[in-house]
Every structure is written in C-alpha cells, then in structure tokens.
$ cat start.cif   # mmCIF, C-alpha atoms
data_start
loop_
_atom_site.label_atom_id
_atom_site.label_comp_id
_atom_site.auth_asym_id
_atom_site.auth_seq_id
_atom_site.Cartn_x
_atom_site.Cartn_y
_atom_site.Cartn_z
CA MET Q 1 -119.48 5.72 87.87
CA THR Q 2 -120.19 9.00 89.69
CA VAL Q 3 -119.69 12.39 88.02
CA GLU Q 4 -116.66 12.97 90.23
CA GLU Q 5 -115.13 9.67 89.16
CA THR Q 6 -115.82 10.41 85.51
CA VAL Q 7 -114.31 13.91 85.72
CA LYS Q 8 -111.29 12.48 87.53
CA SER Q 9 -110.83 9.77 84.91
CA ILE Q 10 -111.08 12.29 82.06
CA ALA Q 11 -108.71 14.76 83.70
CA ALA Q 12 -106.21 11.99 84.48
CA ARG Q 13 -106.20 10.91 80.83
CA ILE Q 14 -105.88 14.40 79.38
CA LEU Q 15 -103.32 15.60 81.90
CA ARG Q 16 -101.45 12.30 81.61
CA LYS Q 17 -101.48 11.85 85.35
CA PRO Q 18 -102.89 8.36 86.07
CA ASP Q 19 -102.66 8.82 89.83
CA LEU Q 20 -104.49 12.15 89.82
CA ASP Q 21 -106.21 12.73 93.14
CA PHE Q 22 -108.39 15.77 93.75
CA GLY Q 23 -108.01 17.38 97.13
CA PRO Q 24 -110.24 20.02 98.68
CA ALA Q 25 -110.25 23.31 96.76
CA ALA Q 26 -107.96 21.88 94.09
CA THR Q 27 -108.06 23.42 90.65
CA PHE Q 28 -107.15 21.85 87.32
CA LYS Q 29 -104.27 24.30 87.13
CA ASP Q 30 -102.89 22.79 90.35
CA PHE Q 31 -102.30 19.67 88.27
CA GLY Q 32 -100.53 21.56 85.52
CA ALA Q 33 -103.53 22.08 83.25
CA ASP Q 34 -103.23 24.84 80.67
CA SER Q 35 -106.06 26.42 78.66
CA LEU Q 36 -105.91 23.71 76.00
CA ASP Q 37 -106.14 20.97 78.66
CA ILE Q 38 -109.18 22.67 80.14
CA VAL Q 39 -110.92 22.91 76.75
CA GLN Q 40 -110.24 19.22 76.16
CA ILE Q 41 -111.58 18.31 79.61
CA LEU Q 42 -114.75 20.33 78.96
CA VAL Q 43 -115.28 18.68 75.58
CA ALA Q 44 -114.71 15.19 76.99
CA VAL Q 45 -117.16 15.80 79.85
CA GLU Q 46 -119.75 17.18 77.42
CA ASP Q 47 -119.35 14.12 75.23
CA ALA Q 48 -119.50 11.74 78.20
CA TYR Q 49 -122.87 13.08 79.36
CA ASP Q 50 -124.21 14.59 76.12
CA ILE Q 51 -124.56 17.97 77.79
CA GLU Q 52 -123.48 21.54 77.03
CA LEU Q 53 -121.33 23.43 79.50
CA ASP Q 54 -121.81 27.18 79.43
CA GLU Q 55 -118.65 29.32 79.48
CA ASP Q 56 -120.45 32.16 81.23
CA GLU Q 57 -121.69 29.88 83.99
CA LEU Q 58 -118.24 28.32 84.28
CA GLN Q 59 -116.81 31.74 85.13
CA ASN Q 60 -118.27 31.22 88.60
CA VAL Q 61 -116.60 27.84 89.04
CA THR Q 62 -113.35 28.20 90.94
CA ASP Q 63 -112.24 24.66 91.73
CA VAL Q 64 -112.65 21.04 90.75
CA ALA Q 65 -115.30 20.39 93.41
CA GLY Q 66 -117.34 23.28 92.05
CA PHE Q 67 -116.91 21.94 88.54
CA VAL Q 68 -118.15 18.50 89.59
CA SER Q 69 -121.20 20.08 91.25
CA TYR Q 70 -121.86 22.14 88.12
CA VAL Q 71 -121.66 19.05 85.89
CA GLU Q 72 -123.96 17.15 88.28
CA ARG Q 73 -126.48 19.97 87.96
CA LYS Q 74 -126.30 19.97 84.15
CA VAL Q 75 -126.69 16.19 84.08
CA GLY Q 76 -129.67 16.51 86.41
CA GLU Q 77 -131.27 19.20 84.23
CA LYS Q 78 -130.94 16.90 81.24
CA GLY Q 79 -132.92 14.32 83.15
CA MET D 80 -131.47 31.89 44.04
CA PRO D 81 -128.10 31.21 42.35
CA LEU D 82 -127.29 28.26 44.61
CA LYS D 83 -130.71 26.62 44.57
CA GLY D 84 -130.51 22.85 44.85
CA ARG D 85 -126.84 22.79 45.85
CA VAL D 86 -125.71 21.04 49.00
CA ALA D 87 -123.20 22.99 51.11
CA LEU D 88 -121.16 21.97 54.13
CA VAL D 89 -119.87 24.77 56.35
CA THR D 90 -117.45 23.55 58.99
CA GLY D 91 -117.80 25.54 62.17
CA GLY D 92 -120.97 26.83 60.59
CA SER D 93 -123.10 27.42 63.66
CA ARG D 94 -121.79 30.72 64.97
CA GLY D 95 -119.71 33.76 64.14
CA ILE D 96 -118.35 33.97 60.60
CA GLY D 97 -119.45 30.39 59.92
CA ARG D 98 -123.03 31.24 60.83
CA ALA D 99 -123.01 34.28 58.55
CA ILE D 100 -121.73 32.10 55.70
CA THR D 101 -124.31 29.39 56.42
CA LEU D 102 -127.16 31.88 56.34
CA LYS D 103 -125.85 33.61 53.20
CA LEU D 104 -125.62 30.32 51.31
CA ALA D 105 -129.11 29.40 52.53
CA GLU D 106 -130.40 32.80 51.43
CA GLN D 107 -129.07 32.00 47.97
CA GLY D 108 -130.89 28.69 47.91
CA ALA D 109 -128.33 26.12 49.06
CA ASP D 110 -129.26 23.30 51.40
CA VAL D 111 -126.82 23.58 54.29
CA VAL D 112 -125.03 21.11 56.52
CA ILE D 113 -123.85 22.88 59.65
CA ASN D 114 -120.87 21.28 61.31
CA TYR D 115 -120.29 22.24 64.93
CA PHE D 116 -117.92 21.21 67.67
CA ARG D 117 -119.61 21.80 71.01
CA LYS D 118 -122.81 23.84 71.05
CA ARG D 119 -125.66 21.78 69.69
CA SER D 120 -128.27 24.31 70.78
CA THR D 121 -126.47 27.10 68.90
CA ALA D 122 -126.16 24.92 65.80
CA GLN D 123 -129.84 24.06 65.95
CA LEU D 124 -130.76 27.74 66.18
CA THR D 125 -128.69 28.48 63.07
CA ALA D 126 -130.31 25.52 61.29
CA GLN D 127 -133.76 26.89 62.16
CA GLU D 128 -132.76 30.29 60.77
CA ALA D 129 -131.55 28.66 57.57
CA GLN D 130 -134.72 26.61 57.26
CA GLY D 131 -136.63 29.86 57.55
CA LYS D 132 -135.13 30.78 54.19
CA GLY D 133 -136.82 27.79 52.59
CA VAL D 134 -133.92 25.35 52.41
CA THR D 135 -133.04 22.08 54.08
CA ALA D 136 -130.63 22.47 56.97
CA CYS D 137 -129.10 19.89 59.28
CA THR D 138 -126.41 19.83 61.94
CA ILE D 139 -123.53 17.42 62.42
CA LYS D 140 -121.31 17.39 65.49
CA ALA D 141 -117.65 16.74 64.75
CA ASN D 142 -114.30 17.94 66.00
CA VAL D 143 -112.52 18.40 62.68
CA GLY D 144 -109.22 17.98 64.50
CA GLU D 145 -110.07 14.27 64.75
CA PRO D 146 -109.83 12.38 61.43
CA GLU D 147 -112.34 9.70 62.43
CA GLN D 148 -114.91 12.38 63.28
CA ILE D 149 -114.40 13.95 59.85
CA GLY D 150 -114.99 10.51 58.38
CA ARG D 151 -118.24 10.07 60.29
CA MET D 152 -119.40 13.52 59.25
CA PHE D 153 -118.94 12.76 55.56
CA ASP D 154 -120.50 9.31 55.96
CA GLU D 155 -123.59 11.07 57.29
CA ILE D 156 -123.60 13.61 54.45
CA GLU D 157 -123.26 10.81 51.90
CA THR D 158 -126.10 8.86 53.47
CA ARG D 159 -128.38 11.86 53.72
CA PHE D 160 -127.66 13.75 50.50
CA GLY D 161 -125.59 11.40 48.34
CA ARG D 162 -123.50 14.30 47.13
CA LEU D 163 -121.89 17.62 48.04
CA ASP D 164 -121.56 20.72 45.88
CA ILE D 165 -119.95 23.25 48.22
CA LEU D 166 -117.44 22.93 51.04
CA VAL D 167 -116.57 25.95 53.16
CA ASN D 168 -113.66 25.14 55.43
CA ASN D 169 -114.28 27.61 58.21
CA ALA D 170 -113.77 25.74 61.51
CA ALA D 171 -110.75 27.09 63.34
CA SER D 172 -109.16 27.05 66.72
CA GLY D 173 -105.81 27.95 68.13
CA VAL D 174 -103.53 28.32 71.07
CA ALA D 175 -102.66 31.93 71.78
CA ARG D 176 -98.96 31.88 72.62
CA THR D 177 -95.73 33.42 71.49
CA ALA D 178 -93.45 31.19 69.45
CA LEU D 179 -91.15 30.58 72.40
CA GLU D 180 -94.07 29.60 74.64
CA LEU D 181 -95.71 27.19 72.18
CA ASP D 182 -95.55 23.52 73.06
CA ASP D 183 -96.04 20.59 70.72
CA ARG D 184 -99.61 19.92 71.88
CA GLY D 185 -100.73 23.47 71.21
CA TRP D 186 -99.01 23.42 67.84
CA ASP D 187 -100.61 20.10 66.87
CA TRP D 188 -104.07 21.14 68.11
CA THR D 189 -103.95 24.29 66.01
CA MET D 190 -102.49 22.70 62.90
CA ASP D 191 -104.82 19.70 63.06
CA ILE D 192 -107.96 21.82 63.20
CA ASN D 193 -106.91 24.68 60.93
CA ALA D 194 -104.81 22.99 58.26
CA ARG D 195 -104.96 19.18 58.34
CA ALA D 196 -108.75 19.19 58.61
CA PHE D 197 -108.96 21.11 55.33
CA LEU D 198 -106.98 18.40 53.55
CA LEU D 199 -109.03 15.58 55.10
CA CYS D 200 -112.35 17.30 54.39
CA VAL D 201 -111.40 17.98 50.78
CA GLN D 202 -110.32 14.38 50.27
CA ARG D 203 -113.79 13.22 51.28
CA ALA D 204 -115.67 16.12 49.72
CA ALA D 205 -114.07 15.66 46.30
CA ARG D 206 -115.51 12.14 46.12
CA LEU D 207 -118.97 13.56 46.68
CA MET D 208 -118.56 16.35 44.12
CA LYS D 209 -119.42 14.14 41.17
CA ASN D 210 -120.51 17.07 39.00
CA GLY D 211 -117.83 19.47 40.09
CA GLY D 212 -118.05 21.80 43.03
CA LYS D 213 -116.81 24.79 44.96
CA ILE D 214 -114.42 24.78 47.86
CA VAL D 215 -113.58 27.86 49.90
CA SER D 216 -111.07 28.05 52.73
CA ILE D 217 -111.30 30.74 55.37
CA SER D 218 -107.93 32.21 56.21
CA SER D 219 -106.80 35.35 57.92
CA LEU D 220 -104.29 38.12 57.35
CA GLY D 221 -102.30 36.58 60.20
CA ALA D 222 -101.00 34.13 57.60
CA ARG D 223 -98.88 36.93 56.16
CA MET D 224 -98.80 39.60 58.85
CA VAL D 225 -97.51 39.20 62.39
CA TRP D 226 -99.99 39.66 65.21
CA PRO D 227 -99.32 39.26 68.93
CA ILE D 228 -99.60 35.66 70.23
CA TYR D 229 -101.01 34.55 66.86
CA THR D 230 -98.02 32.39 65.92
CA ALA D 231 -99.65 28.97 65.72
CA VAL D 232 -102.82 30.21 64.04
CA GLY D 233 -100.91 32.41 61.60
CA VAL D 234 -98.68 29.53 60.54
CA SER D 235 -101.63 27.15 60.24
CA LYS D 236 -103.44 29.67 58.04
CA ALA D 237 -100.33 30.01 55.86
CA ALA D 238 -100.45 26.23 55.38
CA LEU D 239 -104.15 26.48 54.60
CA GLU D 240 -103.50 29.09 51.92
CA ALA D 241 -100.72 27.05 50.32
CA LEU D 242 -102.95 23.98 50.34
CA THR D 243 -105.71 26.02 48.70
CA ARG D 244 -103.41 26.73 45.76
CA TYR D 245 -102.25 23.13 45.39
CA LEU D 246 -105.80 21.81 45.58
CA ALA D 247 -107.02 24.35 43.03
CA ILE D 248 -104.68 22.93 40.42
CA GLU D 249 -105.10 19.28 41.36
CA LEU D 250 -108.89 19.43 41.42
CA ALA D 251 -109.39 21.69 38.40
CA PRO D 252 -109.76 18.71 36.00
CA LYS D 253 -112.61 17.44 38.18
CA GLY D 254 -114.49 20.71 37.75
CA ILE D 255 -113.86 21.70 41.35
CA CYS D 256 -112.94 25.34 42.01
CA VAL D 257 -110.83 25.93 45.12
CA ASN D 258 -110.25 29.40 46.51
CA GLY D 259 -109.85 31.11 49.84
CA VAL D 260 -110.67 34.32 51.59
CA SER D 261 -108.40 36.10 54.01
CA ALA D 262 -109.81 38.61 56.41
CA SER D 263 -108.30 41.07 58.78
CA ALA D 264 -109.74 41.12 62.29
CA VAL D 265 -113.48 40.63 62.01
CA GLU D 266 -115.99 41.90 64.52
CA SER D 267 -116.88 38.58 66.13
CA GLU D 268 -117.15 36.62 69.34
CA ALA D 269 -113.94 34.82 68.38
CA LEU D 270 -112.06 38.12 68.19
CA ARG D 271 -113.36 39.19 71.58
CA MET D 272 -112.24 35.87 73.04
CA TYR D 273 -108.88 35.94 71.31
CA VAL D 274 -107.93 39.52 71.94
CA ALA D 275 -108.45 40.29 75.58
CA ASP D 276 -106.74 43.59 74.92
CA GLN D 277 -109.58 45.60 73.37
CA GLY D 278 -107.14 48.31 72.39
CA LEU D 279 -105.85 45.95 69.70
CA ALA D 280 -109.29 45.41 68.17
CA GLU D 281 -109.95 49.12 68.17
CA SER D 282 -106.68 49.75 66.38
CA PHE D 283 -107.95 47.76 63.40
CA TRP D 284 -110.76 50.13 62.48
CA GLN D 285 -108.69 53.17 63.30
CA THR D 286 -106.15 52.08 60.70
CA THR D 287 -108.54 50.54 58.15
CA PRO D 288 -108.80 52.80 55.09
CA ALA D 289 -112.43 51.71 54.61
CA GLY D 290 -113.22 53.30 57.97
CA ARG D 291 -114.65 50.31 59.81
CA MET D 292 -113.68 46.81 60.76
CA VAL D 293 -114.58 43.90 58.52
CA ARG D 294 -117.91 42.32 59.42
CA GLN D 295 -118.98 38.71 59.22
CA GLU D 296 -121.39 39.57 56.42
CA ASP D 297 -118.52 40.98 54.34
CA ILE D 298 -116.86 37.57 54.45
CA ALA D 299 -120.12 35.72 53.75
CA SER D 300 -120.84 37.77 50.63
CA VAL D 301 -117.46 37.03 49.08
CA VAL D 302 -117.72 33.34 49.99
CA ALA D 303 -121.15 33.19 48.32
CA PHE D 304 -119.66 34.76 45.21
CA LEU D 305 -116.85 32.17 45.19
CA CYS D 306 -119.52 29.47 45.49
CA SER D 307 -121.44 30.82 42.51
CA ASP D 308 -121.00 30.11 38.80
CA ASP D 309 -119.84 33.71 38.31
CA SER D 310 -116.45 32.92 39.85
CA ILE D 311 -115.67 29.96 37.60
CA MET D 312 -112.37 31.40 36.32
CA ILE D 313 -111.00 32.28 39.74
CA ARG D 314 -108.78 29.41 40.86
CA GLY D 315 -106.44 29.05 43.80
CA GLN D 316 -106.73 32.66 44.85
CA ILE D 317 -106.86 34.06 48.33
CA ILE D 318 -109.22 37.04 48.25
CA VAL D 319 -108.22 39.60 50.84
CA ILE D 320 -111.12 41.23 52.69
CA ASP D 321 -109.62 43.90 54.88
CA GLY D 322 -110.92 47.30 53.83
CA GLY D 323 -107.45 48.09 52.51
CA LEU D 324 -105.70 47.50 55.83
CA SER D 325 -102.88 45.31 54.51
CA LEU D 326 -102.05 47.81 51.77
CA SER D 327 -101.74 50.70 54.15
CA PRO D 328 -101.25 49.68 57.78
CA ILE D 329 -100.82 53.33 58.76
CA SER D 330 -103.62 54.86 56.76
CA PRO D 331 -103.58 58.60 56.17
CA THR D 332 -107.37 58.44 55.96
CA ALA D 333 -107.80 56.84 59.37
CA ARG D 334 -108.17 59.10 62.35
CA GLU D 335 -109.37 58.42 65.85
CA ASP D 336 -112.43 60.60 65.34
CA ARG D 337 -113.41 59.02 62.05
CA GLN D 338 -115.82 56.14 61.98
CA GLY D 339 -117.28 55.41 58.59
CA ASP D 340 -120.83 54.43 57.75
CA GLU D 341 -121.86 51.11 56.18
CA HIS D 342 -119.77 51.89 53.11
CA GLY D 343 -116.87 53.46 54.95
CA ARG D 344 -118.02 56.98 54.08
CA PRO D 345 -117.40 59.65 56.70
#

$ encode --input "start.cif" --output "structure tokens"
Amino acid sequence: MTVEETVKSIAARILRKPDLDFGPAATFKDFGADSLDIVQILVAVEDAYDIELDEDELQNVTDVAGFVSYVERKVGEKG
Amino acid sequence: MPLKGRVALVTGGSRGIGRAITLKLAEQGADVVINYFRKRSTAQLTAQEAQGKGVTACTIKANVGEPEQIGRMFDEIETRFGRLDILVNNAASGVARTALELDDRGWDWTMDINARAFLLCVQRAARLMKNGGKIVSISSLGARMVWPIYTAVGVSKAALEALTRYLAIELAPKGICVNGVSASAVESEALRMYVADQGLAESFWQTTPAGRMVRQEDIASVVAFLCSDDSIMIRGQIIVIDGGLSLSPISPTAREDRQGDEHGRP
C-alpha cells in the first residue's frame, strides 16, 4: 500500500467517510476534519509507519498532497 | 535519596510538567518509567537525563485514552519490575471549546485521557503496589475556576479530583496514599499551545500574589513530597499550587511593573 493509500484509509476511518477521495489541493478540513480529527490522523500515521511527525515542520504543510509528500519523506529518512 | 529503590510511573512523563516530575523523582532516587504518547525521541532524551542521576529509566509508549494500551503498559511494567511504588497520573489532553461548541467526541477524548485513564491506571497500579504505595493525580485550578474554552478539561479535572478522594479512602487499607496537586497556569509548552492569546498567560503572573507564574519545578517538588514517607498522613487532598492566585484573583500586591524574583520578592 502506498503512503497516499494509507493516509487515505486512515483519514476515511477517522472522518467516517468511507468514500473519501482526495482531490488536488484538498485539505483535511475540506472533509470536515476538526483539530481532534487531525491529531488522530497524525497519531495513526505515526503508528502505521513508526515515525514521528514534527508539528513545526507540519506548519508548512498546506494540503493533503503536501502531507503525503511529508510522510513519504519521513518514511524515507527512517530507511 | 528518600525514594531510592522505588519504582515510579509518570504518565505523560517525557515533557513539560511530566518531565519535571520524572527528573525530580529520579533525583530523589526513584527508578522511573516514562509513559509517552507520541514523541519517542523526546521520551528517550528525558530517560537519558534521568539515567544521568544514577537511576534506571525506561520509556513506554501508550495512549492512556485507550484501555488496551494502558493494559499493555502495565503488563510491561510488571514484566520488567514486578512491582510499582509510585504512580503519577499526569498525562492530559483536551479539546479547547466552549460548552456550546463541544461535541461528544471532544468530550469523550478529554474525559477518557484525563479522568478515565486515572481510574484504569490505578486499578492496575494497585495490584502492583504489594507493599503500599503513593499515587498522585495532576489537576488544575480549572476544575474549580472557569477559564475560557477550558470546559471539557476543567470538568475532567473535577472528576479527577473527586476520584482522588474516593481512591484515597478505598486504598488506605492497602497502605496506598492517594493525593493530588492542582496548579494554576504553569509556564509550559502546553500552556503556550493551549492559550494562543498570550495576554491571558500574562494576566496570571500579574495577578499572582507570589509575583510570578507557577513553574514546572514547583509542581515537581510538591509531587515528590507527596511521594515521600513524610506525607503519610495526607490522604485524598488536592494541594493547590498557585502562588495564592485562587485566594485573591485581584491581588492588591500585583502590579504590571512588579515581577518577583525566584521567591516572589520584589
């Protein structure tokens, strides 16, 4: 499963939207995510890949595509 | 080294107030188990600092809002140490909303981590405290006072304080002392995250009779005392650590140009 597919699966579960489909420049808030949803998504992604996501670095992430790229980078750094 | 040889679990013990408590207990000789939720690297740094004080320190990842993760955490403690002498229930989270904006998920998230986790941790901890023990809950003045968008956390802390009293009586025959500490706003990362409006944080020291905000170390010192044999006759109490704030919210001694030294002296 790719990082994008994993993130999509996690977000769909937490946001309770099984048919969630990311479009270009979509944000989690576009799908109704609140701050608690976003924390839960971050935690689930961290657990899925055994990585740590940095809040400061995430400040520069503006959309889902950027988040997927960021997670891919962290997964790559882990090796 | 009043706590030498004791085994202590500090939930949320890797950073902020929890870190200060972890290091204080280690300084007093306790071996420390540092529970953390997300930041393994931060927890490991705190463990290294504790080890530098000559004690054993380990980290356990667990979201205390999830009962099965609490179970796994205590399984690991039991396997590794075979007992527990001190539990500091510090881990906390919360949704910052007004009462009318709170939804059931935010309410449950906050209550599960701040109040239910205390009950579940104590249930497991008590079984490991075969020779008695010390339990300390970390509350906040928001349990009794009303702060902006603090509804869920304040109510969860009120539940925590009530549970502290009930547990103190129920566990007294087992030689387990249960108490809590309640702090006003503490200079911490959590406060900075919670209160985007810095004017609110500043208002705390301006109105604190002691002349400065409460620091993490102030909390840690009182927790260490409650974990020591010296506090044996204190049961079910919530010790307020607020520099006098709750007694005098509009302090005649507090002025905008007054910032006290370490001891609150002008």

$ resolve_selection --input "start.cif" --expression "the PyMOL selection byres ((chain D and resi 152) around 12)" --output "ChimeraX atom specification"
/D:88-90,112-116,137-143,145-151,153-159,199-200,203-204

$ interface_residues --input "start.cif" --of "chain D" --to "chain Q" --cutoff "8 Å" --atoms "only C-alpha atoms" --output "list in words"
Arg117, Lys118, Arg119, Val174 and Gly185 of chain D

$ resolve_selection --input "start.cif" --expression "the PyMOL selection byres ((chain Q and resi 28) around 12)" --output "PyMOL selection string"
chain Q and resi 7-8+10-12+14-15+17+20-27+29-42+61-68

$ residues_near_point --input "start.cif" --point "(-118.7, 10.6, 86.4)" --cutoff "9 Å" --atoms "only C-alpha atoms" --output "PyMOL selection string"
chain Q and resi 1-10+45+48-49+68+71-72

$ write_last_selection --input "start.cif" --atoms "C-alpha atoms" --output "PDB file, keeping the file's coordinate frame"
ATOM      1  CA  MET Q   1    -119.480   5.720  87.870  1.00  0.00           C
ATOM      2  CA  THR Q   2    -120.190   9.000  89.690  1.00  0.00           C
ATOM      3  CA  VAL Q   3    -119.690  12.390  88.020  1.00  0.00           C
ATOM      4  CA  GLU Q   4    -116.660  12.970  90.230  1.00  0.00           C
ATOM      5  CA  GLU Q   5    -115.130   9.670  89.160  1.00  0.00           C
ATOM      6  CA  THR Q   6    -115.820  10.410  85.510  1.00  0.00           C
ATOM      7  CA  VAL Q   7    -114.310  13.910  85.720  1.00  0.00           C
ATOM      8  CA  LYS Q   8    -111.290  12.480  87.530  1.00  0.00           C
ATOM      9  CA  SER Q   9    -110.830   9.770  84.910  1.00  0.00           C
ATOM     10  CA  ILE Q  10    -111.080  12.290  82.060  1.00  0.00           C
ATOM     11  CA  VAL Q  45    -117.160  15.800  79.850  1.00  0.00           C
ATOM     12  CA  ALA Q  48    -119.500  11.740  78.200  1.00  0.00           C
ATOM     13  CA  TYR Q  49    -122.870  13.080  79.360  1.00  0.00           C
ATOM     14  CA  VAL Q  68    -118.150  18.500  89.590  1.00  0.00           C
ATOM     15  CA  VAL Q  71    -121.660  19.050  85.890  1.00  0.00           C
ATOM     16  CA  GLU Q  72    -123.960  17.150  88.280  1.00  0.00           C
TER      17      GLU Q  72
END

$ closest_residue --input "start.cif" --among "D:Leu181, D:Leu104, D:Ala289, D:Cys256" --to "D:Met312" --atoms "all atoms listed in the file"
D:Cys256

$ residues_around --input "start.cif" --residues "D:Gly133" --least-positions-apart "4" --cutoff "10 Å" --atoms "all atoms listed in the file" --output "list in words"
Ala105, Glu106, Gln107, Gly108, Ala109, Asp110, Glu128 and Ala129 of chain D

$ write_last_selection --input "start.cif" --atoms "C-alpha atoms" --output "PDB file, in the frame of the given file"
ATOM      1  CA  ALA D 105    -129.110  29.400  52.530  1.00  0.00           C
ATOM      2  CA  GLU D 106    -130.400  32.800  51.430  1.00  0.00           C
ATOM      3  CA  GLN D 107    -129.070  32.000  47.970  1.00  0.00           C
ATOM      4  CA  GLY D 108    -130.890  28.690  47.910  1.00  0.00           C
ATOM      5  CA  ALA D 109    -128.330  26.120  49.060  1.00  0.00           C
ATOM      6  CA  ASP D 110    -129.260  23.300  51.400  1.00  0.00           C
ATOM      7  CA  GLU D 128    -132.760  30.290  60.770  1.00  0.00           C
ATOM      8  CA  ALA D 129    -131.550  28.660  57.570  1.00  0.00           C
TER       9      ALA D 129
END

$ residues_around --input "start.cif" --residues "stretch 300-302 of chain D" --least-positions-apart "2" --cutoff "12 Å" --atoms "all atoms listed in the file" --output "NGL selection string"
:D and (87 or 89 or 96-97 or 99-107 or 165-169 or 213-218 or 257-262 or 293-298 or 304-307 or 309-310 or 317-321)

$ axis_aligned_box --input "start.cif" --around "stretch 32-51 of chain Q" --padding-each-side "3 Å" --output "JSON"
{"center_x": -112.5, "center_y": 19.1, "center_z": 80.4, "size_x": 30.0, "size_y": 20.7, "size_z": 16.3}
